[in-house]
file start_23.tsv (TSV, C-alpha atoms (C1' of nucleotides))
chain	number	residue	atom	x	y	z
D	201	MET	CA	-28.43	-5.37	20.39
D	202	HIS	CA	-28.01	-7.90	23.17
D	203	GLY	CA	-25.39	-10.57	23.36
D	204	PHE	CA	-22.96	-12.13	20.91
D	205	VAL	CA	-24.34	-13.36	17.60
D	206	SER	CA	-22.99	-14.44	14.21
D	207	HIS	CA	-19.46	-15.56	13.47
D	208	TYR	CA	-16.29	-13.95	12.13
D	209	THR	CA	-12.94	-15.22	10.95
D	210	ASN	CA	-9.83	-13.19	11.74
D	211	LYS	CA	-6.15	-13.93	11.52
D	212	LEU	CA	-3.33	-13.77	14.00
D	213	ASP	CA	-0.50	-11.42	13.13
D	214	ALA	CA	3.20	-12.08	13.58
D	215	LYS	CA	2.96	-11.24	17.27
D	216	GLY	CA	0.08	-13.59	17.85
D	217	ARG	CA	-2.48	-10.84	18.17
D	218	VAL	CA	-5.99	-11.13	16.78
D	219	SER	CA	-8.74	-8.55	16.45
D	220	ILE	CA	-11.96	-9.17	18.32
D	221	PRO	CA	-14.80	-8.56	15.85
D	222	ALA	CA	-16.15	-5.05	16.24
D	223	ALA	CA	-19.65	-6.34	16.91
D	224	PHE	CA	-18.37	-8.39	19.85
D	225	ARG	CA	-16.28	-5.52	21.13
D	226	ALA	CA	-19.40	-3.39	21.26
D	227	VAL	CA	-21.11	-5.97	23.45
D	228	LEU	CA	-18.11	-6.19	25.75
D	229	THR	CA	-17.95	-2.44	26.07
D	230	ARG	CA	-21.60	-2.26	26.97
D	231	ASP	CA	-21.01	-5.06	29.46
D	232	GLY	CA	-18.41	-2.90	31.12
D	233	PHE	CA	-15.73	-5.55	31.59
D	234	GLU	CA	-12.13	-4.44	31.25
D	235	GLY	CA	-10.34	-7.02	29.11
D	236	LEU	CA	-11.54	-10.36	27.83
D	237	TYR	CA	-12.39	-13.12	30.27
D	238	CYS	CA	-11.84	-16.57	28.78
D	239	PHE	CA	-11.17	-20.21	29.59
D	240	PRO	CA	-10.93	-23.49	27.72
D	241	SER	CA	-14.23	-25.20	27.04
D	242	LEU	CA	-14.47	-28.58	28.67
D	243	HIS	CA	-16.75	-30.08	26.06
D	244	GLU	CA	-15.07	-28.85	22.90
D	245	PRO	CA	-11.63	-27.90	21.62
D	246	ALA	CA	-12.54	-24.25	21.83
D	247	VAL	CA	-12.25	-21.24	24.11
D	248	ASP	CA	-15.15	-19.70	25.98
D	249	ALA	CA	-14.93	-15.93	26.25
D	250	GLY	CA	-16.99	-13.06	27.54
D	251	GLY	CA	-17.27	-10.34	30.16
D	252	ASN	CA	-19.12	-9.60	33.36
D	253	VAL	CA	-22.19	-11.57	32.40
D	254	LEU	CA	-20.06	-14.68	32.08
D	255	LEU	CA	-18.29	-13.91	35.35
D	256	GLU	CA	-21.58	-13.50	37.17
D	257	ARG	CA	-22.65	-16.96	36.10
D	258	ILE	CA	-19.48	-18.29	37.63
D	259	HIS	CA	-19.99	-16.45	40.89
D	260	GLU	CA	-23.51	-17.82	41.07
D	261	GLN	CA	-22.08	-21.31	41.02
D	262	LEU	CA	-19.46	-20.54	43.65
D	263	ASP	CA	-21.76	-18.79	46.08
D	264	LYS	CA	-23.57	-22.05	46.63
D	265	LEU	CA	-20.49	-23.60	48.23
D	266	PRO	CA	-18.85	-22.82	51.57
D	267	PRO	CA	-15.45	-21.09	51.29
D	268	LEU	CA	-12.39	-23.13	52.25
D	269	SER	CA	-14.29	-26.32	51.50
D	270	ARG	CA	-12.90	-28.87	49.09
D	271	ASP	CA	-15.76	-28.36	46.68
D	272	HIS	CA	-15.29	-24.64	46.64
D	273	ASP	CA	-11.59	-25.04	45.96
D	274	MET	CA	-12.28	-27.46	43.16
D	275	VAL	CA	-14.85	-25.36	41.40
D	276	SER	CA	-12.96	-22.13	41.75
D	277	THR	CA	-9.85	-23.84	40.42
D	278	ALA	CA	-11.74	-24.98	37.38
D	279	LEU	CA	-13.32	-21.59	36.80
D	280	PHE	CA	-10.83	-19.01	38.04
D	281	GLY	CA	-7.67	-21.02	38.08
D	282	VAL	CA	-7.68	-22.15	34.49
D	283	SER	CA	-9.22	-18.98	33.13
D	284	GLU	CA	-7.35	-15.98	31.88
D	285	ILE	CA	-8.06	-12.32	31.54
D	286	LEU	CA	-6.66	-11.13	28.25
D	287	LYS	CA	-5.86	-7.49	27.82
D	288	VAL	CA	-7.40	-5.74	24.89
D	289	ASP	CA	-5.18	-3.20	23.15
D	290	GLY	CA	-6.25	0.12	21.70
D	291	GLU	CA	-7.23	-1.54	18.43
D	292	GLY	CA	-9.39	-4.18	20.05
D	293	ARG	CA	-6.91	-7.03	19.77
D	294	VAL	CA	-5.94	-9.74	22.25
D	295	MET	CA	-2.99	-12.08	22.57
D	296	LEU	CA	-4.03	-15.70	23.04
D	297	SER	CA	-1.89	-17.59	25.52
D	298	ASP	CA	-0.05	-20.74	24.52
D	299	THR	CA	-2.30	-22.77	26.80
D	300	ILE	CA	-5.39	-21.56	25.01
D	301	LYS	CA	-3.95	-21.95	21.55
D	302	ALA	CA	-2.87	-25.47	22.35
D	303	HIS	CA	-6.27	-26.43	23.70
D	304	ALA	CA	-8.09	-25.13	20.64
D	305	GLY	CA	-5.46	-26.14	18.10
D	306	ILE	CA	-5.12	-22.55	16.93
D	307	THR	CA	-2.31	-21.61	14.58
D	308	ASP	CA	-2.81	-18.66	12.26
D	309	GLN	CA	-6.56	-18.11	12.04
D	310	VAL	CA	-9.50	-18.19	14.42
D	311	VAL	CA	-13.28	-18.12	14.19
D	312	PHE	CA	-15.31	-16.11	16.67
D	313	VAL	CA	-18.69	-17.72	17.26
D	314	GLY	CA	-21.41	-15.82	19.11
D	315	LEU	CA	-23.42	-17.82	21.65
D	316	GLY	CA	-25.50	-15.11	23.25
D	317	TYR	CA	-24.11	-14.43	26.73
D	318	LYS	CA	-20.64	-15.56	25.67
D	319	PHE	CA	-18.76	-16.43	22.53
D	320	GLN	CA	-16.29	-19.10	21.49
D	321	ILE	CA	-12.98	-19.00	19.70
D	322	TRP	CA	-12.17	-21.88	17.35
D	323	ALA	CA	-9.55	-23.04	14.93
D	324	PRO	CA	-11.35	-22.75	11.54
D	325	GLU	CA	-10.98	-26.40	10.50
D	326	ARG	CA	-12.23	-27.73	13.78
D	327	PHE	CA	-15.15	-25.37	13.80
D	328	ALA	CA	-16.14	-26.47	10.30
D	329	THR	CA	-16.34	-30.04	11.53
D	330	TYR	CA	-18.19	-29.13	14.67
D	331	ARG	CA	-20.58	-26.88	12.81
D	332	ALA	CA	-21.46	-29.61	10.35
D	333	GLU	CA	-22.13	-32.01	13.18
D	334	ALA	CA	-24.15	-29.43	15.10
D	335	MET	CA	-26.29	-28.68	12.06
D	336	ARG	CA	-26.86	-32.33	11.38
D	337	GLN	CA	-28.11	-32.85	14.89
D	338	ALA	CA	-30.10	-29.63	15.01
D	339	PHE	CA	-31.87	-30.24	11.71
D	340	GLY	CA	-32.52	-33.76	12.73
D	341	ARG	CA	-34.45	-32.49	15.67
D	342	ILE	CA	-36.22	-29.80	13.72
D	343	ASP	CA	-37.21	-32.17	10.95
D	344	GLN	CA	-38.78	-34.45	13.48
D	345	ARG	CA	-41.05	-31.66	14.55
D	346	SER	CA	-41.87	-29.91	11.28
D	347	PRO	CA	-40.80	-31.70	8.11
D	348	ALA	CA	-40.62	-28.69	5.77
D	349	SER	CA	-39.62	-25.84	8.01
D	350	GLY	CA	-37.30	-22.91	7.58
D	351	GLU	CA	-33.85	-22.49	6.08
D	352	GLY	CA	-31.19	-20.87	8.24
D	353	ALA	CA	-29.44	-17.66	7.24
Q	265	MET	CA	-10.90	-6.28	39.10
Q	266	HIS	CA	-12.38	-9.07	41.15
Q	267	GLY	CA	-9.79	-10.86	43.23
Q	268	PHE	CA	-7.26	-13.42	42.03
Q	269	VAL	CA	-7.90	-14.84	38.60
Q	270	SER	CA	-5.88	-16.82	36.07
Q	271	HIS	CA	-2.65	-18.70	36.61
Q	272	TYR	CA	1.05	-17.94	36.22
Q	273	THR	CA	4.19	-20.02	36.31
Q	274	ASN	CA	7.33	-18.50	37.82
Q	275	LYS	CA	10.63	-19.94	38.86
Q	276	LEU	CA	12.61	-19.88	42.04
Q	277	ASP	CA	16.06	-18.35	41.80
Q	278	ALA	CA	19.20	-19.67	43.45
Q	279	LYS	CA	18.20	-18.12	46.75
Q	280	GLY	CA	14.77	-19.66	46.73
Q	281	ARG	CA	12.97	-16.43	45.90
Q	282	VAL	CA	10.02	-16.29	43.56
Q	283	SER	CA	8.14	-13.35	42.07
Q	284	ILE	CA	4.47	-13.00	42.88
Q	285	PRO	CA	2.68	-12.32	39.59
Q	286	ALA	CA	2.13	-8.61	39.09
Q	287	ALA	CA	-1.62	-9.10	38.73
Q	288	PHE	CA	-1.79	-10.79	42.14
Q	289	ARG	CA	0.45	-8.16	43.71
Q	290	ALA	CA	-1.99	-5.52	42.55
Q	291	VAL	CA	-4.84	-7.30	44.31
Q	292	LEU	CA	-2.81	-7.66	47.50
Q	293	THR	CA	-1.89	-4.00	47.46
Q	294	ARG	CA	-5.49	-2.98	47.03
Q	295	ASP	CA	-6.40	-5.39	49.82
Q	296	GLY	CA	-4.04	-3.52	52.09
Q	297	PHE	CA	-2.30	-6.49	53.68
Q	298	GLU	CA	1.38	-6.11	54.44
Q	299	GLY	CA	3.19	-9.24	53.33
Q	300	LEU	CA	1.71	-12.51	52.14
Q	301	TYR	CA	-0.48	-14.58	54.42
Q	302	CYS	CA	-0.19	-18.28	53.65
Q	303	PHE	CA	-0.65	-21.79	55.03
Q	304	PRO	CA	-0.70	-25.33	53.69
Q	305	SER	CA	-3.98	-26.22	52.01
Q	306	LEU	CA	-6.24	-28.41	54.09
Q	307	HIS	CA	-7.21	-30.57	51.14
Q	308	GLU	CA	-4.40	-30.57	48.63
Q	309	PRO	CA	-0.61	-30.55	48.37
Q	310	ALA	CA	-0.61	-26.84	47.77
Q	311	VAL	CA	-0.30	-23.55	49.62
Q	312	ASP	CA	-3.18	-21.21	50.25
Q	313	ALA	CA	-2.21	-17.56	50.15
Q	314	GLY	CA	-3.83	-14.17	50.25
Q	315	GLY	CA	-4.38	-11.06	52.33
Q	316	ASN	CA	-7.06	-9.50	54.49
Q	317	VAL	CA	-9.93	-10.89	52.48
Q	318	LEU	CA	-8.67	-14.41	53.05
Q	319	LEU	CA	-8.30	-13.74	56.76
Q	320	GLU	CA	-11.86	-12.48	56.94
Q	321	ARG	CA	-13.16	-15.62	55.26
Q	322	ILE	CA	-11.33	-17.74	57.79
Q	323	HIS	CA	-12.77	-15.78	60.67
Q	324	GLU	CA	-16.25	-16.16	59.22
Q	325	GLN	CA	-15.83	-19.92	59.19
Q	326	LEU	CA	-14.48	-19.97	62.73
Q	327	ASP	CA	-17.33	-17.87	64.05
Q	328	LYS	CA	-19.68	-20.65	63.11
Q	329	LEU	CA	-18.06	-22.91	65.67
Q	330	PRO	CA	-18.57	-22.50	69.42
Q	331	PRO	CA	-15.54	-20.86	71.06
Q	332	LEU	CA	-13.51	-23.04	73.41
Q	333	SER	CA	-14.95	-26.10	71.69
Q	334	ARG	CA	-12.69	-28.84	70.48
Q	335	ASP	CA	-13.70	-28.12	66.90
Q	336	HIS	CA	-12.87	-24.47	67.22
Q	337	ASP	CA	-9.45	-25.28	68.64
Q	338	MET	CA	-8.74	-27.79	65.92
Q	339	VAL	CA	-9.71	-25.58	63.07
Q	340	SER	CA	-7.99	-22.49	64.36
Q	341	THR	CA	-4.85	-24.53	64.93
Q	342	ALA	CA	-5.02	-25.88	61.42
Q	343	LEU	CA	-5.50	-22.46	59.92
Q	344	PHE	CA	-3.73	-19.99	62.18
Q	345	GLY	CA	-1.26	-22.21	63.97
Q	346	VAL	CA	0.49	-23.38	60.87
Q	347	SER	CA	0.19	-20.21	58.86
Q	348	GLU	CA	3.05	-17.92	58.00
Q	349	ILE	CA	3.35	-14.34	56.95
Q	350	LEU	CA	5.96	-14.07	54.25
Q	351	LYS	CA	7.76	-10.82	53.63
Q	352	VAL	CA	7.61	-9.38	50.17
Q	353	ASP	CA	10.78	-7.71	48.95
Q	354	GLY	CA	11.04	-4.56	46.86
Q	355	GLU	CA	10.66	-6.52	43.63
Q	356	GLY	CA	7.56	-8.36	44.76
Q	357	ARG	CA	9.26	-11.64	45.62
Q	358	VAL	CA	8.81	-13.99	48.57
Q	359	MET	CA	10.89	-16.76	50.07
Q	360	LEU	CA	8.92	-19.93	50.63
Q	361	SER	CA	9.73	-21.71	53.87
Q	362	ASP	CA	11.00	-25.28	53.81
Q	363	THR	CA	7.81	-26.45	55.49
Q	364	ILE	CA	5.71	-25.01	52.73
Q	365	LYS	CA	7.92	-26.26	49.95
Q	366	ALA	CA	7.88	-29.73	51.44
Q	367	HIS	CA	4.11	-29.77	51.76
Q	368	ALA	CA	3.61	-28.74	48.16
Q	369	GLY	CA	6.54	-30.67	46.71
Q	370	ILE	CA	8.03	-27.50	45.28
Q	371	THR	CA	11.50	-27.56	43.81
Q	372	ASP	CA	12.42	-25.05	41.13
Q	373	GLN	CA	9.13	-23.84	39.68
Q	374	VAL	CA	5.72	-22.91	41.03
Q	375	VAL	CA	2.30	-22.15	39.60
Q	376	PHE	CA	0.20	-19.37	41.09
Q	377	VAL	CA	-3.48	-20.23	40.74
Q	378	GLY	CA	-6.12	-17.57	41.32
Q	379	LEU	CA	-9.23	-18.69	43.23
Q	380	GLY	CA	-10.97	-15.38	43.65
Q	381	TYR	CA	-10.62	-14.45	47.32
Q	382	LYS	CA	-7.30	-16.29	47.63
Q	383	PHE	CA	-4.75	-17.99	45.45
Q	384	GLN	CA	-2.79	-21.23	45.63
Q	385	ILE	CA	0.82	-22.08	45.00
Q	386	TRP	CA	1.54	-25.43	43.38
Q	387	ALA	CA	4.34	-27.51	42.00
Q	388	PRO	CA	3.60	-27.48	38.24
Q	389	GLU	CA	3.28	-31.24	37.74
Q	390	ARG	CA	0.89	-31.67	40.62
Q	391	PHE	CA	-1.24	-28.79	39.51
Q	392	ALA	CA	-1.63	-30.25	36.04
Q	393	THR	CA	-3.16	-33.36	37.57
Q	394	TYR	CA	-5.36	-31.49	39.99
Q	395	ARG	CA	-6.52	-29.09	37.32
Q	396	ALA	CA	-7.82	-31.88	35.14
Q	397	GLU	CA	-9.67	-33.40	38.07
Q	398	ALA	CA	-11.11	-30.05	39.13
Q	399	MET	CA	-12.48	-29.34	35.69
Q	400	ARG	CA	-14.05	-32.75	35.47
Q	401	GLN	CA	-15.83	-32.33	38.77
Q	402	ALA	CA	-16.82	-28.72	38.38
Q	403	PHE	CA	-18.34	-29.10	34.94
Q	404	GLY	CA	-20.07	-32.28	35.92
Q	405	ARG	CA	-21.68	-30.35	38.72
Q	406	ILE	CA	-22.76	-27.48	36.49
Q	407	ASP	CA	-24.11	-29.72	33.76
Q	408	GLN	CA	-26.21	-31.54	36.30
Q	409	ARG	CA	-27.84	-28.36	37.46
Q	410	SER	CA	-28.59	-26.70	34.14
Q	411	PRO	CA	-28.70	-29.19	31.29
Q	412	ALA	CA	-30.70	-27.00	28.93
Q	413	SER	CA	-32.20	-24.39	31.18
Q	414	GLY	CA	-32.80	-20.76	30.38
Q	415	GLU	CA	-30.06	-19.04	28.49
Q	416	GLY	CA	-31.06	-15.42	28.79
Q	417	ALA	CA	-29.43	-12.39	27.22
M	282	DT	C1'	33.97	-14.42	61.19
M	283	DT	C1'	30.70	-16.90	58.65
M	284	DG	C1'	26.35	-18.01	56.95
M	285	DG	C1'	21.88	-16.55	56.04
M	286	DA	C1'	18.89	-13.06	54.86
M	287	DT	C1'	17.45	-8.50	53.18
M	288	DT	C1'	18.09	-4.53	50.28
M	289	DC	C1'	19.67	-2.56	46.21
M	290	DC	C1'	21.03	-2.49	41.38
M	291	DA	C1'	21.39	-4.55	36.49
M	292	DT	C1'	19.69	-7.17	32.54
M	293	DT	C1'	16.59	-8.73	29.17
M	294	DG	C1'	12.80	-10.08	27.01
M	295	DA	C1'	7.93	-9.76	26.64
M	296	DC	C1'	4.14	-7.00	26.03
M	297	DG	C1'	1.42	-2.73	26.28
M	298	DC	C1'	0.85	1.44	23.67
M	299	DC	C1'	1.09	4.20	19.72
M	300	DC	C1'	0.93	5.31	14.81
M	301	DA	C1'	0.46	3.81	9.86
M	302	DT	C1'	-1.79	1.44	5.98
M	303	DG	C1'	-5.06	-0.72	3.17
M	304	DA	C1'	-9.46	-2.51	2.39
M	305	DT	C1'	-14.38	-2.46	2.88
M	306	DC	C1'	-18.68	-0.67	3.78
M	307	DC	C1'	-21.99	2.89	4.14
M	308	DC	C1'	-23.90	7.18	3.42
M	309	DC	C1'	-24.54	11.29	1.09
M	310	DC	C1'	-24.95	13.92	-2.87
M	311	DA	C1'	-24.99	14.92	-7.68
J	142	DT	C1'	-28.86	5.36	-9.65
J	143	DG	C1'	-24.16	5.60	-9.67
J	144	DG	C1'	-20.02	7.73	-8.06
J	145	DG	C1'	-17.32	9.94	-4.55
J	146	DG	C1'	-15.92	10.62	0.07
J	147	DG	C1'	-15.75	9.57	4.73
J	148	DA	C1'	-15.81	6.42	8.43
J	149	DT	C1'	-14.90	2.03	10.33
J	150	DC	C1'	-12.27	-1.98	10.81
J	151	DA	C1'	-8.72	-5.50	10.33
J	152	DT	C1'	-3.88	-5.76	10.13
J	153	DG	C1'	1.18	-4.52	10.35
J	154	DG	C1'	5.07	-2.75	12.69
J	155	DG	C1'	8.09	0.32	15.93
J	156	DC	C1'	9.21	1.69	20.40
J	157	DG	C1'	9.07	2.37	25.32
J	158	DT	C1'	7.99	0.41	29.69
J	159	DC	C1'	7.67	-2.87	33.12
J	160	DA	C1'	7.88	-7.40	35.06
J	161	DA	C1'	10.66	-11.43	36.00
J	162	DT	C1'	15.02	-12.82	37.06
J	163	DG	C1'	19.99	-12.71	38.30
J	164	DG	C1'	23.54	-11.11	41.05
J	165	DA	C1'	26.18	-7.89	44.13
J	166	DA	C1'	26.40	-5.53	48.44
J	167	DT	C1'	25.07	-4.78	53.08
J	168	DC	C1'	23.23	-6.14	57.49
J	169	DC	C1'	22.27	-9.21	61.43
J	170	DA	C1'	22.83	-13.07	64.35
J	171	DA	C1'	25.22	-17.04	65.96
call {"tool": "encode", "arguments": {"input": "start_23.tsv", "output": "structure tokens"}}
result
Amino acid sequence: MHGFVSHYTNKLDAKGRVSIPAAFRAVLTRDGFEGLYCFPSLHEPAVDAGGNVLLERIHEQLDKLPPLSRDHDMVSTALFGVSEILKVDGEGRVMLSDTIKAHAGITDQVVFVGLGYKFQIWAPERFATYRAEAMRQAFGRIDQRSPASGEGA
Amino acid sequence: MHGFVSHYTNKLDAKGRVSIPAAFRAVLTRDGFEGLYCFPSLHEPAVDAGGNVLLERIHEQLDKLPPLSRDHDMVSTALFGVSEILKVDGEGRVMLSDTIKAHAGITDQVVFVGLGYKFQIWAPERFATYRAEAMRQAFGRIDQRSPASGEGA
DNA sequence: TTGGATTCCATTGACGCCCATGATCCCCCA
DNA sequence: TGGGGGATCATGGGCGTCAATGGAATCCAA
């Protein structure tokens, strides 16, 4: 299996820890990254997370810019500076930082949403809204092409 | 682990000492540099800091300029002339010089911001502003390049 | 001698690590 | 085909360690 797919809802315990879904952990292990690399999504109130594959994308962006330049500083601030590497404990759990929880509006539950090369972490209510909107737009586009096409899983 | 990543806020004690985040200390140790190499950022009210890797990057940039040229003199003055090597005490703390604190507007707290091959030291309020701007610019740049292009596994 | 700085020691609070429990799913076997 | 057993996974909690910080003691220079 390649990449992160499907979605899972887990809850934070009293210490603020939350289990990464086993399916996602398997991908991360295969990816070889130690810990969980994540940063706030700019477009949505959610957290982007992943491993080496995600990091490589970032390096690709940075390698195009000369070191010590203003642009390089800016981009690396946005990508490295605001990102965090969460440690994963023996049971596959992470502790979300206050910054991240605030950005995503997370309190006691989170949804893990697979997006292929990365996944996102959402507060359940916000994801429900976003999901509805995303489906509306997606089906709108699909219906334009093929009026009676397939139902999603 | 790949260089300096994530950000940490620490406070100066009564003597003006501040702990370097343990994660950054680990990178510096691996890098092999004795002390902390730092100088005021060319672009921002912040301090650039790092070890041997940072020094190498600077040399690479300088090598692109003709020796004895005015440009070479200017740049090497800006980077080497004003730089300082701070001593790190047994607990992993440094004392920021008055020059540096003045440049960055640092009073009682600082943010350490990882930028991969180096990190920056900011006054918290100023970093908050810069961070927002950096994310705006960086993601604008990325979105321009790959609006809906190939998302592989 | 006095002020600044460096080294050493103490505190405390967070977090990393370990073990326990319960629930669910899957597989195997009767 | 249905039941039992094992494995996996999400979750809860205790405890030890280490990092961040504070402060005392020692050293050096003016």
call {"tool": "closest_residue", "arguments": {"input": "start_23.tsv", "among": "Q:His336, Q:His266, Q:Arg357, Q:Lys351", "to": "Asp295 in chain Q", "atoms": "all atoms listed in the file"}}
result
Q:His266
call {"tool": "calpha_fit_and_write", "arguments": {"input": "start_23.tsv", "fixed": "chain D", "moving": "chain Q", "output": "compact mmCIF listing (two decimals) with C-alpha atoms, in the frame of the given file"}}
result
# COMPACT_ATOMS: atom_id res chain seq x y z
CA MET Q 265 -27.78 -6.06 19.13
CA HIS Q 266 -27.99 -9.28 21.06
CA GLY Q 267 -24.60 -10.51 22.18
CA PHE Q 268 -21.98 -12.25 20.06
CA VAL Q 269 -23.18 -13.51 16.72
CA SER Q 270 -21.52 -14.71 13.52
CA HIS Q 271 -17.93 -15.74 12.99
CA TYR Q 272 -14.74 -14.04 11.83
CA THR Q 273 -11.31 -15.26 10.87
CA ASN Q 274 -8.30 -13.11 11.77
CA LYS Q 275 -4.61 -13.74 11.77
CA LEU Q 276 -1.91 -13.43 14.36
CA ASP Q 277 0.91 -11.06 13.51
CA ALA Q 278 4.59 -11.67 14.15
CA LYS Q 279 4.19 -10.68 17.78
CA GLY Q 280 1.32 -13.04 18.37
CA ARG Q 281 -1.31 -10.31 18.46
CA VAL Q 282 -4.74 -10.75 16.95
CA SER Q 283 -7.56 -8.27 16.39
CA ILE Q 284 -10.86 -8.93 18.10
CA PRO Q 285 -13.57 -8.47 15.47
CA ALA Q 286 -15.06 -5.00 15.64
CA ALA Q 287 -18.55 -6.39 16.13
CA PHE Q 288 -17.42 -8.33 19.21
CA ARG Q 289 -15.49 -5.35 20.55
CA ALA Q 290 -18.68 -3.33 20.40
CA VAL Q 291 -20.48 -5.91 22.52
CA LEU Q 292 -17.64 -5.99 25.05
CA THR Q 293 -17.61 -2.22 25.30
CA ARG Q 294 -21.33 -2.12 25.90
CA ASP Q 295 -20.89 -4.89 28.46
CA GLY Q 296 -18.49 -2.67 30.33
CA PHE Q 297 -15.76 -5.21 31.02
CA GLU Q 298 -12.20 -3.97 30.92
CA GLY Q 299 -10.10 -6.44 28.97
CA LEU Q 300 -11.07 -9.88 27.72
CA TYR Q 301 -12.04 -12.61 30.15
CA CYS Q 302 -11.14 -16.04 28.82
CA PHE Q 303 -10.41 -19.65 29.76
CA PRO Q 304 -10.02 -22.97 27.99
CA SER Q 305 -13.35 -24.53 27.04
CA LEU Q 306 -14.41 -27.38 29.27
CA HIS Q 307 -15.63 -29.48 26.37
CA GLU Q 308 -13.67 -28.57 23.28
CA PRO Q 309 -10.20 -27.57 22.12
CA ALA Q 310 -11.19 -23.94 22.07
CA VAL Q 311 -11.14 -20.84 24.23
CA ASP Q 312 -14.20 -19.36 25.86
CA ALA Q 313 -14.14 -15.59 26.05
CA GLY Q 314 -16.39 -12.74 27.01
CA GLY Q 315 -17.05 -10.04 29.58
CA ASN Q 316 -19.33 -9.39 32.52
CA VAL Q 317 -22.24 -11.30 31.09
CA LEU Q 318 -20.12 -14.42 30.84
CA LEU Q 319 -18.92 -13.97 34.40
CA GLU Q 320 -22.49 -13.67 35.61
CA ARG Q 321 -23.46 -16.89 33.87
CA ILE Q 322 -20.59 -18.67 35.56
CA HIS Q 323 -21.60 -17.37 38.95
CA GLU Q 324 -25.17 -18.51 38.34
CA GLN Q 325 -23.94 -22.02 37.68
CA LEU Q 326 -21.71 -22.00 40.75
CA ASP Q 327 -24.50 -20.81 43.00
CA LYS Q 328 -26.32 -24.01 42.27
CA LEU Q 329 -23.61 -25.98 44.02
CA PRO Q 330 -23.17 -26.00 47.80
CA PRO Q 331 -20.26 -23.78 48.88
CA LEU Q 332 -17.24 -25.55 50.33
CA SER Q 333 -18.36 -28.73 48.60
CA ARG Q 334 -15.96 -30.71 46.51
CA ASP Q 335 -18.03 -29.99 43.41
CA HIS Q 336 -17.98 -26.28 44.04
CA ASP Q 337 -14.22 -26.31 44.46
CA MET Q 338 -13.72 -28.34 41.32
CA VAL Q 339 -15.89 -26.23 39.13
CA SER Q 340 -14.63 -22.91 40.39
CA THR Q 341 -11.07 -24.13 39.89
CA ALA Q 342 -11.87 -25.20 36.37
CA LEU Q 343 -13.49 -21.91 35.53
CA PHE Q 344 -11.78 -19.25 37.62
CA GLY Q 345 -8.49 -20.91 38.43
CA VAL Q 346 -7.42 -21.35 34.87
CA SER Q 347 -8.95 -18.21 33.46
CA GLU Q 348 -7.02 -15.21 32.26
CA ILE Q 349 -7.83 -11.60 31.69
CA LEU Q 350 -6.17 -10.47 28.50
CA LYS Q 351 -5.38 -6.83 27.93
CA VAL Q 352 -6.77 -5.21 24.85
CA ASP Q 353 -4.51 -2.70 23.15
CA GLY Q 354 -5.53 0.56 21.52
CA GLU Q 355 -6.32 -1.17 18.24
CA GLY Q 356 -8.50 -3.82 19.81
CA ARG Q 357 -5.94 -6.62 19.76
CA VAL Q 358 -5.04 -9.23 22.37
CA MET Q 359 -2.07 -11.49 22.92
CA LEU Q 360 -3.05 -15.09 23.49
CA SER Q 361 -1.02 -16.85 26.15
CA ASP Q 362 0.95 -19.96 25.28
CA THR Q 363 -1.32 -22.03 27.50
CA ILE Q 364 -4.35 -20.96 25.56
CA LYS Q 365 -2.75 -21.39 22.18
CA ALA Q 366 -1.60 -24.86 23.13
CA HIS Q 367 -5.04 -25.88 24.34
CA ALA Q 368 -6.71 -24.73 21.15
CA GLY Q 369 -3.92 -25.74 18.78
CA ILE Q 370 -3.62 -22.19 17.50
CA THR Q 371 -0.75 -21.26 15.24
CA ASP Q 372 -1.17 -18.39 12.80
CA GLN Q 373 -4.92 -17.95 12.37
CA VAL Q 374 -7.96 -18.02 14.62
CA VAL Q 375 -11.71 -18.05 14.18
CA PHE Q 376 -13.91 -16.02 16.51
CA VAL Q 377 -17.25 -17.75 16.94
CA GLY Q 378 -20.17 -15.90 18.51
CA LEU Q 379 -22.32 -17.92 20.94
CA GLY Q 380 -24.58 -15.20 22.23
CA TYR Q 381 -23.47 -14.50 25.80
CA LYS Q 382 -19.87 -15.46 25.04
CA PHE Q 383 -17.68 -16.28 22.09
CA GLN Q 384 -15.07 -18.92 21.33
CA ILE Q 385 -11.67 -18.78 19.73
CA TRP Q 386 -10.67 -21.70 17.53
CA ALA Q 387 -7.95 -22.88 15.24
CA PRO Q 388 -9.66 -22.75 11.81
CA GLU Q 389 -9.25 -26.42 10.88
CA ARG Q 390 -10.62 -27.66 14.16
CA PHE Q 391 -13.56 -25.34 14.01
CA ALA Q 392 -14.53 -26.58 10.57
CA THR Q 393 -14.85 -30.08 11.97
CA TYR Q 394 -16.68 -29.03 15.09
CA ARG Q 395 -19.03 -26.80 13.14
CA ALA Q 396 -20.20 -29.65 10.97
CA GLU Q 397 -20.81 -31.81 14.02
CA ALA Q 398 -22.62 -29.03 15.85
CA MET Q 399 -24.99 -28.43 12.98
CA ARG Q 400 -25.75 -32.09 12.67
CA GLN Q 401 -26.63 -32.40 16.33
CA ALA Q 402 -28.47 -29.14 16.70
CA PHE Q 403 -30.74 -29.62 13.71
CA GLY Q 404 -31.38 -33.20 14.62
CA ARG Q 405 -32.57 -31.97 17.97
CA ILE Q 406 -34.82 -29.30 16.49
CA ASP Q 407 -36.32 -31.59 13.88
CA GLN Q 408 -37.19 -34.08 16.57
CA ARG Q 409 -39.12 -31.52 18.53
CA SER Q 410 -41.09 -29.85 15.76
CA PRO Q 411 -41.40 -32.05 12.70
CA ALA Q 412 -44.40 -30.27 11.22
CA SER Q 413 -45.79 -28.31 14.11
CA GLY Q 414 -47.38 -24.90 14.00
CA GLU Q 415 -45.71 -22.40 11.77
CA GLY Q 416 -47.38 -19.18 12.81
CA ALA Q 417 -46.95 -15.73 11.33
call {"tool": "interface_residues", "arguments": {"input": "start_23.tsv", "of": "chain M", "to": "chain Q", "cutoff": "10 Å", "atoms": "only C-alpha atoms (C1' of nucleotides)", "output": "list in words"}}
result
DA286, DT287, DT288 and DC289 of chain M
